[in-house]
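Trainee: Got upload.csv for you, CSV, C-alpha atoms (C1' of nucleotides):
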```csv
chain,number,residue,atom,x,y,z
A,197,MET,CA,-72.2,-55.6,152.6
A,198,PRO,CA,-75.5,-54.1,153.5
A,199,GLU,CA,-76.2,-50.9,155.3
A,200,LEU,CA,-79.6,-49.7,156.5
A,201,PRO,CA,-81.2,-49.1,153.1
A,202,GLU,CA,-80.1,-52.5,151.8
A,203,VAL,CA,-81.3,-54.3,154.9
A,204,GLU,CA,-84.6,-52.4,154.9
A,205,ASN,CA,-85.1,-53.5,151.3
A,206,ILE,CA,-84.3,-57.1,152.0
A,207,LYS,CA,-86.8,-57.0,154.8
A,208,ARG,CA,-89.5,-55.6,152.7
A,209,THR,CA,-88.9,-58.0,149.8
A,210,LEU,CA,-88.9,-61.0,152.1
A,211,PHE,CA,-92.1,-59.8,153.8
A,212,ARG,CA,-93.8,-59.4,150.4
A,213,ASP,CA,-92.7,-62.7,149.0
A,214,LEU,CA,-93.3,-64.9,152.1
A,215,SER,CA,-96.9,-64.0,152.6
A,216,LEU,CA,-96.8,-64.5,156.4
A,217,PRO,CA,-97.7,-66.2,158.6
A,218,GLN,CA,-95.7,-69.3,157.7
A,219,LYS,CA,-95.2,-72.5,159.8
A,220,VAL,CA,-91.7,-74.0,159.9
A,221,ASP,CA,-91.4,-77.5,158.6
A,222,SER,CA,-87.7,-77.9,159.0
A,223,ILE,CA,-84.5,-75.8,159.6
A,224,VAL,CA,-81.3,-77.1,158.2
A,225,PHE,CA,-77.7,-75.9,158.8
A,226,LEU,CA,-75.1,-76.7,156.2
A,227,ARG,CA,-72.3,-75.5,158.5
A,228,LYS,CA,-72.0,-75.0,162.3
A,229,ASP,CA,-70.5,-71.5,162.3
A,230,LEU,CA,-70.6,-68.2,160.4
A,231,ARG,CA,-68.7,-65.4,161.9
A,232,PHE,CA,-69.7,-66.9,165.3
A,233,PRO,CA,-70.9,-70.4,166.1
A,234,ILE,CA,-74.5,-70.8,165.1
A,235,PRO,CA,-76.8,-71.7,168.2
A,236,ILE,CA,-78.1,-74.6,166.2
A,237,LYS,CA,-79.6,-76.5,169.2
A,238,SER,CA,-81.7,-73.5,170.1
A,239,LEU,CA,-82.7,-72.7,166.6
A,240,LYS,CA,-83.9,-76.2,166.0
A,241,ASN,CA,-86.7,-75.4,168.4
A,242,LEU,CA,-88.2,-73.2,165.7
A,243,LYS,CA,-89.5,-76.4,163.9
A,244,GLY,CA,-93.3,-76.2,164.1
A,245,LYS,CA,-93.2,-72.5,165.1
A,246,ILE,CA,-95.0,-69.7,163.2
A,247,LEU,CA,-93.1,-66.9,161.5
A,248,ILE,CA,-95.4,-63.9,161.9
A,249,ASP,CA,-93.3,-60.8,161.0
A,250,ILE,CA,-90.0,-59.5,159.8
A,251,ASN,CA,-88.5,-56.4,161.4
A,252,ARG,CA,-85.2,-54.5,161.2
A,253,ARG,CA,-83.1,-52.9,164.0
A,254,GLY,CA,-80.1,-51.1,162.6
A,255,LYS,CA,-78.5,-53.6,160.2
A,256,TYR,CA,-80.1,-56.6,162.0
A,257,LEU,CA,-83.0,-58.5,160.5
A,258,LEU,CA,-85.4,-59.8,163.1
A,259,PHE,CA,-87.5,-62.8,162.1
A,260,GLN,CA,-90.4,-62.6,164.6
A,261,PHE,CA,-92.0,-65.9,165.6
A,262,THR,CA,-95.0,-66.1,167.9
A,263,LYS,CA,-92.7,-66.0,170.9
A,264,GLU,CA,-89.1,-66.3,169.6
A,265,ILE,CA,-86.9,-64.2,167.4
A,266,LEU,CA,-84.3,-65.3,164.9
A,267,LEU,CA,-81.7,-62.5,164.7
A,268,SER,CA,-79.6,-62.2,161.5
A,269,HIS,CA,-76.7,-59.9,160.7
A,270,LEU,CA,-75.6,-60.0,157.1
A,271,GLY,CA,-72.0,-58.9,157.6
A,272,MET,CA,-70.5,-57.9,154.3
A,273,SER,CA,-71.9,-60.5,151.9
A,274,GLY,CA,-74.9,-62.1,153.4
A,275,TYR,CA,-78.5,-62.2,152.1
A,276,TRP,CA,-81.7,-64.2,152.5
A,277,ARG,CA,-83.8,-65.3,149.5
A,278,VAL,CA,-87.1,-67.0,149.1
A,279,GLU,CA,-87.4,-70.2,147.0
A,280,HIS,CA,-90.5,-72.0,145.8
A,281,ASN,CA,-89.6,-75.6,146.6
A,282,HIS,CA,-92.2,-77.2,144.2
A,283,PHE,CA,-89.5,-79.1,142.5
A,284,ARG,CA,-87.4,-81.5,144.6
A,285,ASP,CA,-84.3,-81.1,142.5
A,286,LYS,CA,-84.0,-77.4,143.2
A,287,LYS,CA,-80.3,-77.1,143.6
A,288,LEU,CA,-78.6,-75.1,146.3
A,289,LEU,CA,-76.1,-72.3,145.5
A,290,LYS,CA,-72.5,-72.2,146.6
A,291,HIS,CA,-72.4,-70.6,150.1
A,292,ASP,CA,-75.9,-71.4,151.1
A,293,HIS,CA,-75.7,-72.0,154.9
A,294,VAL,CA,-79.1,-72.1,156.4
A,295,ILE,CA,-82.4,-73.4,154.9
A,296,ILE,CA,-85.7,-72.8,156.6
A,297,SER,CA,-88.5,-74.8,154.9
A,298,PHE,CA,-92.1,-73.9,155.5
A,299,ASN,CA,-95.2,-76.2,155.3
A,300,SER,CA,-96.3,-74.1,152.4
A,301,SER,CA,-93.3,-75.4,150.4
A,302,LEU,CA,-91.7,-72.0,150.5
A,303,GLN,CA,-88.1,-71.9,151.6
A,304,LEU,CA,-86.0,-69.1,153.2
A,305,ILE,CA,-82.3,-69.5,152.5
A,306,TYR,CA,-79.3,-67.7,153.9
A,307,ASN,CA,-76.3,-67.3,151.6
A,308,ASP,CA,-73.0,-65.6,152.7
A,309,PRO,CA,-69.8,-66.1,150.8
A,310,ARG,CA,-67.5,-64.3,153.2
A,311,ARG,CA,-69.3,-65.6,156.3
A,312,PHE,CA,-69.0,-62.3,158.2
A,313,GLY,CA,-72.6,-62.5,159.0
A,314,PHE,CA,-74.0,-64.2,162.0
A,315,ILE,CA,-77.3,-65.6,163.5
A,316,ASP,CA,-78.6,-65.6,167.0
A,317,PHE,CA,-81.7,-66.9,168.8
A,318,ILE,CA,-83.8,-64.9,171.2
A,319,PRO,CA,-86.1,-67.2,173.1
A,320,GLN,CA,-88.5,-64.5,174.4
A,321,SER,CA,-89.4,-61.5,172.2
A,322,ASP,CA,-89.9,-59.2,175.1
A,323,SER,CA,-86.3,-59.7,176.3
A,324,ILE,CA,-84.9,-58.6,173.0
A,325,ASN,CA,-83.1,-55.6,174.6
A,326,LEU,CA,-81.1,-58.0,176.7
A,327,ASN,CA,-79.6,-59.6,173.6
A,328,PRO,CA,-75.9,-58.6,173.6
A,329,PHE,CA,-76.0,-57.6,169.9
A,330,ILE,CA,-79.1,-55.4,170.4
A,331,ALA,CA,-78.5,-54.1,173.9
A,332,LYS,CA,-76.0,-51.4,173.1
A,333,LEU,CA,-77.3,-50.1,169.8
A,334,GLY,CA,-77.8,-46.4,169.3
A,335,MET,CA,-80.8,-44.6,167.9
A,336,GLU,CA,-82.4,-45.4,164.6
A,337,PRO,CA,-81.5,-42.5,162.2
A,338,LEU,CA,-85.0,-42.3,160.8
A,339,ASP,CA,-86.6,-42.1,164.3
A,340,GLU,CA,-88.4,-38.8,164.9
A,341,PHE,CA,-86.4,-38.4,168.1
A,342,MET,CA,-83.1,-38.6,166.3
A,343,ASP,CA,-82.1,-35.0,166.1
A,344,GLU,CA,-79.2,-32.6,166.3
A,345,ASN,CA,-79.5,-32.5,170.1
A,346,TYR,CA,-79.2,-36.2,170.5
A,347,LEU,CA,-76.1,-36.2,168.2
A,348,ASN,CA,-74.6,-33.1,169.8
A,349,LYS,CA,-74.9,-34.6,173.3
A,350,LEU,CA,-73.2,-37.8,172.3
A,351,GLY,CA,-70.7,-36.1,170.1
A,352,LYS,CA,-69.5,-33.8,172.8
A,353,LEU,CA,-68.2,-36.9,174.6
A,354,SER,CA,-66.3,-38.3,171.7
A,355,HIS,CA,-62.8,-37.6,170.4
A,356,LYS,CA,-63.4,-39.8,167.3
A,357,ASN,CA,-63.4,-38.3,163.9
A,358,ILE,CA,-67.0,-37.7,162.7
A,359,LYS,CA,-66.9,-40.5,160.1
A,360,THR,CA,-66.0,-43.1,162.7
A,361,PHE,CA,-68.5,-41.5,165.0
A,362,ILE,CA,-71.5,-41.8,162.7
A,363,MET,CA,-70.5,-45.4,161.7
A,364,ASP,CA,-70.3,-46.4,165.4
A,365,GLN,CA,-73.5,-48.5,165.9
A,366,HIS,CA,-73.5,-47.4,169.6
A,367,ASN,CA,-74.3,-43.9,168.5
A,368,LEU,CA,-76.4,-44.3,165.3
A,369,VAL,CA,-77.4,-47.6,163.8
A,370,GLY,CA,-77.4,-48.5,160.1
A,371,ILE,CA,-74.8,-46.2,158.7
A,372,GLY,CA,-71.8,-48.0,157.1
A,373,ASN,CA,-68.9,-47.0,155.0
A,374,ILE,CA,-70.7,-45.9,151.8
A,375,TYR,CA,-73.4,-43.8,153.4
A,376,ALA,CA,-71.0,-42.2,155.9
A,377,SER,CA,-69.0,-40.6,153.1
A,378,GLU,CA,-72.1,-39.5,151.3
A,379,ILE,CA,-73.8,-38.1,154.4
A,380,LEU,CA,-70.7,-36.0,155.3
A,381,PHE,CA,-70.4,-34.7,151.8
A,382,GLU,CA,-74.0,-33.5,151.7
A,383,SER,CA,-73.5,-32.0,155.2
A,384,GLY,CA,-70.4,-30.1,154.2
A,385,VAL,CA,-68.4,-31.7,157.1
A,386,HIS,CA,-64.9,-33.0,156.6
A,387,PRO,CA,-64.7,-36.7,157.6
A,388,SER,CA,-61.7,-36.1,159.8
A,389,ALA,CA,-63.4,-33.4,161.8
A,390,ILE,CA,-63.4,-34.3,165.5
A,391,ALA,CA,-67.0,-35.1,166.8
A,392,SER,CA,-66.6,-33.1,170.0
A,393,GLN,CA,-65.7,-29.9,168.0
A,394,LEU,CA,-68.7,-29.8,165.8
A,395,SER,CA,-71.2,-27.0,166.1
A,396,ILE,CA,-75.0,-27.5,166.6
A,397,SER,CA,-75.4,-26.3,163.1
A,398,ASP,CA,-73.0,-29.0,161.8
A,399,TRP,CA,-75.1,-31.6,163.7
A,400,GLU,CA,-78.3,-30.1,162.3
A,401,ARG,CA,-77.1,-30.6,158.7
A,402,ILE,CA,-75.8,-34.1,159.5
A,403,THR,CA,-79.2,-35.0,161.0
A,404,ARG,CA,-81.1,-33.6,158.0
A,405,GLU,CA,-78.8,-35.1,155.3
A,406,THR,CA,-78.7,-38.5,157.0
A,407,LYS,CA,-82.5,-38.8,157.0
A,408,LYS,CA,-82.7,-37.5,153.4
A,409,ILE,CA,-80.0,-39.8,152.0
A,410,LEU,CA,-81.3,-42.9,153.8
A,411,HIS,CA,-84.9,-42.2,152.7
A,412,LYS,CA,-83.8,-41.7,149.1
A,413,ALA,CA,-81.6,-44.9,149.2
A,414,ILE,CA,-84.4,-47.0,150.6
A,415,LYS,CA,-86.8,-45.7,147.9
A,416,LEU,CA,-84.3,-46.6,145.2
A,417,GLY,CA,-83.8,-50.1,146.5
A,418,GLY,CA,-80.4,-49.4,148.1
A,419,SER,CA,-77.0,-49.4,146.4
A,420,THR,CA,-75.9,-52.3,144.2
A,421,ILE,CA,-72.1,-52.6,144.1
A,422,LYS,CA,-70.6,-55.9,143.0
A,423,ASP,CA,-72.8,-58.6,144.3
A,424,TYR,CA,-75.5,-57.0,146.4
A,425,LYS,CA,-78.9,-57.6,145.1
A,426,LYS,CA,-82.3,-57.2,146.6
A,427,SER,CA,-83.7,-60.6,147.7
A,428,ASP,CA,-85.8,-60.9,144.6
A,429,GLY,CA,-82.6,-60.6,142.5
A,430,THR,CA,-83.2,-57.1,141.2
A,431,SER,CA,-80.7,-54.3,141.8
A,432,GLY,CA,-80.9,-51.1,143.8
A,433,SER,CA,-79.9,-47.9,142.0
A,434,PHE,CA,-78.7,-45.4,144.7
A,435,GLN,CA,-75.1,-46.1,143.5
A,436,ASN,CA,-76.0,-43.9,140.5
A,437,PHE,CA,-76.3,-41.0,142.8
A,438,PHE,CA,-73.1,-41.3,144.7
A,439,LYS,CA,-71.5,-37.9,145.0
A,440,VAL,CA,-68.1,-39.0,146.4
A,441,TYR,CA,-68.1,-42.8,147.2
A,442,ASN,CA,-65.8,-44.7,144.9
A,443,ARG,CA,-65.2,-41.5,142.9
A,444,ALA,CA,-61.5,-40.7,143.8
A,445,ASN,CA,-60.0,-38.2,141.4
A,446,GLN,CA,-63.2,-37.6,139.6
A,447,ASN,CA,-64.7,-34.1,139.6
A,448,CYS,CA,-67.0,-33.0,142.3
A,449,ASP,CA,-70.5,-32.3,141.0
A,450,SER,CA,-70.8,-29.2,143.1
A,451,CYS,CA,-67.5,-27.4,142.6
A,452,GLY,CA,-65.5,-29.3,140.0
A,453,ASN,CA,-62.5,-30.1,142.3
A,454,LYS,CA,-61.1,-33.6,142.4
A,455,ILE,CA,-62.7,-36.0,144.9
A,456,CYS,CA,-60.1,-37.0,147.6
A,457,HIS,CA,-59.6,-40.5,148.9
A,458,SER,CA,-57.8,-41.8,151.9
A,459,ILE,CA,-58.0,-44.5,154.6
A,460,ILE,CA,-59.7,-43.5,157.8
A,461,GLN,CA,-59.9,-46.1,160.5
A,462,SER,CA,-58.8,-48.6,157.9
A,463,ARG,CA,-61.8,-47.9,155.8
A,464,SER,CA,-61.8,-46.2,152.4
A,465,THR,CA,-63.1,-42.6,152.7
A,466,TYR,CA,-64.1,-40.1,150.1
A,467,TRP,CA,-64.7,-36.4,150.3
A,468,CYS,CA,-64.3,-33.0,148.6
A,469,GLU,CA,-61.7,-30.7,150.1
A,470,HIS,CA,-63.6,-27.6,148.8
A,471,CYS,CA,-67.1,-28.6,149.8
A,472,GLN,CA,-66.0,-30.1,153.1
A,473,PRO,CA,-63.5,-27.6,154.5
A,474,ILE,CA,-61.2,-28.6,157.4
A,475,LYS,CA,-62.4,-26.1,159.9
A,476,HIS,CA,-62.8,-28.5,162.8
A,477,LEU,CA,-59.6,-30.5,162.3
A,478,LYS,CA,-57.6,-31.1,165.4
A,479,MET,CA,-54.0,-30.1,164.5
B,32,DA,C1',-62.8,-45.7,180.0
B,33,DC,C1',-61.6,-44.4,175.5
B,34,DT,C1',-59.7,-45.3,170.7
B,35,DT,C1',-57.1,-47.9,167.3
B,36,DC,C1',-55.9,-52.0,165.0
B,37,DG,C1',-56.0,-56.8,163.6
B,38,DT,C1',-58.9,-60.3,162.4
B,39,DC,C1',-62.4,-63.4,160.5
B,40,DC,C1',-63.5,-65.2,154.9
B,41,DT,C1',-64.2,-65.5,149.8
B,42,DG,C1',-64.5,-63.2,145.4
B,43,DT,C1',-63.1,-59.9,142.1
B,44,DC,C1',-60.3,-56.8,139.8
B,45,DC,C1',-55.9,-54.9,138.3
B,46,DG,C1',-51.1,-55.0,137.0
B,47,DC,C1',-47.3,-57.6,135.7
C,292,DT,C1',-53.9,-66.5,130.5
C,293,DG,C1',-52.1,-67.0,134.9
C,294,DC,C1',-50.7,-65.3,139.2
C,295,DG,C1',-50.1,-62.3,143.3
C,296,DG,C1',-51.7,-58.6,145.8
C,297,DA,C1',-55.0,-55.2,147.1
C,298,DC,C1',-59.4,-54.4,148.3
C,299,DA,C1',-64.6,-55.0,149.5
C,300,DG,C1',-70.9,-52.8,152.1
C,301,DG,C1',-68.9,-55.0,159.3
C,302,DA,C1',-68.0,-55.3,164.0
C,303,DC,C1',-65.8,-57.7,167.9
C,304,DG,C1',-62.2,-57.8,171.2
C,305,DA,C1',-57.3,-57.3,172.4
C,306,DA,C1',-54.0,-54.0,173.1
C,307,DG,C1',-52.4,-49.4,173.8
```
Translate this structure into structure tokens?

Mentor:
Amino acid sequence: MPELPEVENIKRTLFRDLSLPQKVDSIVFLRKDLRFPIPIKSLKNLKGKILIDINRRGKYLLFQFTKEILLSHLGMSGYWRVEHNHFRDKKLLKHDHVIISFNSSLQLIYNDPRRFGFIDFIPQSDSINLNPFIAKLGMEPLDEFMDENYLNKLGKLSHKNIKTFIMDQHNLVGIGNIYASEILFESGVHPSAIASQLSISDWERITRETKKILHKAIKLGGSTIKDYKKSDGTSGSFQNFFKVYNRANQNCDSCGNKICHSIIQSRSTYWCEHCQPIKHLKM
DNA sequence: ACTTCGTCCTGTCCGC
DNA sequence: TGCGGACAGGACGAAG
């Protein structure tokens, strides 16, 4: 489900509502695997430990304890919520999988209908970059060092189409299927253009629009489609600003032509043929 | 080594 | 109204 703006908003909402630090009273697993087996034995060690911060790396949430880190990827449909466990009969929701209870009586609960999400345990914070999920991640798009030179250098080595390239977490982190289409529309680059054939000016526009769109989406609370909600139950509103995503056959806001749709790399892709001309397409 | 494709899972929506 | 099929925000790993 969530891409960078959604994960960032979940992070901020949890941070706000948990009033850290919080000491773990118990951690309960209602099933033993999500997408991958949950390292339950290791995670049980968090009992008695202090949650001191919540961070984000790409689409990963990092629950920072004094020494350890609980790493969480939300997949397509995962989210964490905070409950006030003042009443013992508080009932769980369908698809709740992990419940972390704190001494304060607050609870942090993971829910994930499709179970494409996963959880990992990092015993020592300073070895986070050795974690297999984190190790090979590309640059944060909002990092000041993420610029057209970084993308151009990587892009020159890739024969992938540009949409697949910017969604590849080894290049850039946090961009998923929705924002990829939106970014390429604003950049005026056709999603099928081959990465190695883009000009430095293409990369410059992609850099600028990526930062702009992600900043705006974060500010608007992300995009709410179907079931995604922020962790406090409120909705994001960036979906109201989609220029192409989910708008097949509707008119382009800029030129009036019909928005195109096709499947690229088995993912739905939207673009405007007029605003994103095929000048770099490999024939 | 690179790229593409199938796969994991449930819920929802659309057409018949 | 019920049912089947398509599709959904992700990313790993096998196969080419």

Trainee: What residues in chain A lie within 8 Å of chain B, counting all atoms listed in the file, written as a list in words?

Mentor: Arg231, Pro309, Arg310, Arg311, Phe312, Lys356 and Gln461 of chain A

Trainee: Hey, can you check how far CA of Gly417 (chain A) sits from CA of Gly274 (chain A)?

Mentor: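 These atoms are spaced 16.5 Å apart.
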
Trainee: Which residues of chain C have any atom within 12 Å of an atom in chain A when counting only C-alpha atoms (C1' of nucleotides), and what is the closest pair of atoms for each, with the distance in Å to one decimal? Order the rows by chain and rising number and write it as JSON lines.

Mentor:
```
{"residue": "C:DC298", "atom": "C1'", "partner": "A:Ser464", "partner_atom": "CA", "distance": 9.5}
{"residue": "C:DA299", "atom": "C1'", "partner": "A:Met272", "partner_atom": "CA", "distance": 8.1}
{"residue": "C:DG300", "atom": "C1'", "partner": "A:Met197", "partner_atom": "CA", "distance": 3.1}
{"residue": "C:DG301", "atom": "C1'", "partner": "A:Gly271", "partner_atom": "CA", "distance": 5.3}
{"residue": "C:DA302", "atom": "C1'", "partner": "A:Gly271", "partner_atom": "CA", "distance": 8.4}
{"residue": "C:DC303", "atom": "C1'", "partner": "A:Arg231", "partner_atom": "CA", "distance": 10.2}
```

Trainee: So that I can check the surroundings of region 339-347 of chain A, please list as a ChimeraX atom specification every protein, DNA and RNA residue that reaches within 7 Å of it, counting all atoms listed in the file and ignoring chain neighbours fewer than 3 positions away.

Mentor: /A:335-336,350-351,396,399-400,403

Trainee: Export, as a PDB file, in the coordinates of the input, the selected residues with C-alpha atoms.

Mentor:
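Just written: again.pdb:
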```pdb
ATOM      1  CA  MET A 335     -80.800 -44.600 167.900  1.00  0.00           C
ATOM      2  CA  GLU A 336     -82.400 -45.400 164.600  1.00  0.00           C
ATOM      3  CA  LEU A 350     -73.200 -37.800 172.300  1.00  0.00           C
ATOM      4  CA  GLY A 351     -70.700 -36.100 170.100  1.00  0.00           C
ATOM      5  CA  ILE A 396     -75.000 -27.500 166.600  1.00  0.00           C
ATOM      6  CA  TRP A 399     -75.100 -31.600 163.700  1.00  0.00           C
ATOM      7  CA  GLU A 400     -78.300 -30.100 162.300  1.00  0.00           C
ATOM      8  CA  THR A 403     -79.200 -35.000 161.000  1.00  0.00           C
TER       9      THR A 403
END
```

Trainee: Between CA of Gln303 (chain A) and CA of Leu226 (chain A), what is the spacing in Å?

Mentor: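 Calculated distance between CA of Leu226 (chain A) and CA of Gln303 (chain A) is 14.6 Å.
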
Trainee: Between CA of Asn299 (chain A) and CA of Arg212 (chain A), what distance in Å does the model show, to one decimal?

Mentor: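 Between these atoms lies a distance of 17.6 Å.
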
Trainee: Neighbouring residues of region 404-408 of chain A were defined as those with any atom within 8 Å, considering all atoms listed in the file; residues of the same chain fewer than 4 positions away were excluded. Please report them as a list in words.

Mentor: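 The residues that qualify are Pro337, Leu338, Ile379, Glu382, Ser383, Glu400 and Lys412 of chain A.
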
Trainee: Find the residues near region 469-475 of chain A: any atom within 9 Å, counting all atoms listed in the file, skip ones fewer than 6 places away on the same chain, and give them as a PyMOL selection string.

Mentor: chain A and resi 380-389+448+450-451+453-456

Trainee: Quick one: everything within 10 Å of Asn281 (chain A), counting only C-alpha atoms (C1' of nucleotides), minus sequence neighbours fewer than 5 positions away in the same chain. Send it as a list of chain:residue names.

Mentor: A:Lys286, A:Lys287, A:Ser297, A:Phe298, A:Ser300, A:Ser301, A:Leu302, A:Gln303, A:Leu304

Trainee: Need to verify the contact set: Ile315 (chain A), 7 Å, all atoms listed in the file, exclusion of same-chain residues closer than 3 positions in sequence. Can you return it as an MDAnalysis selection string?

Mentor: chainID A and resid 234 267:269
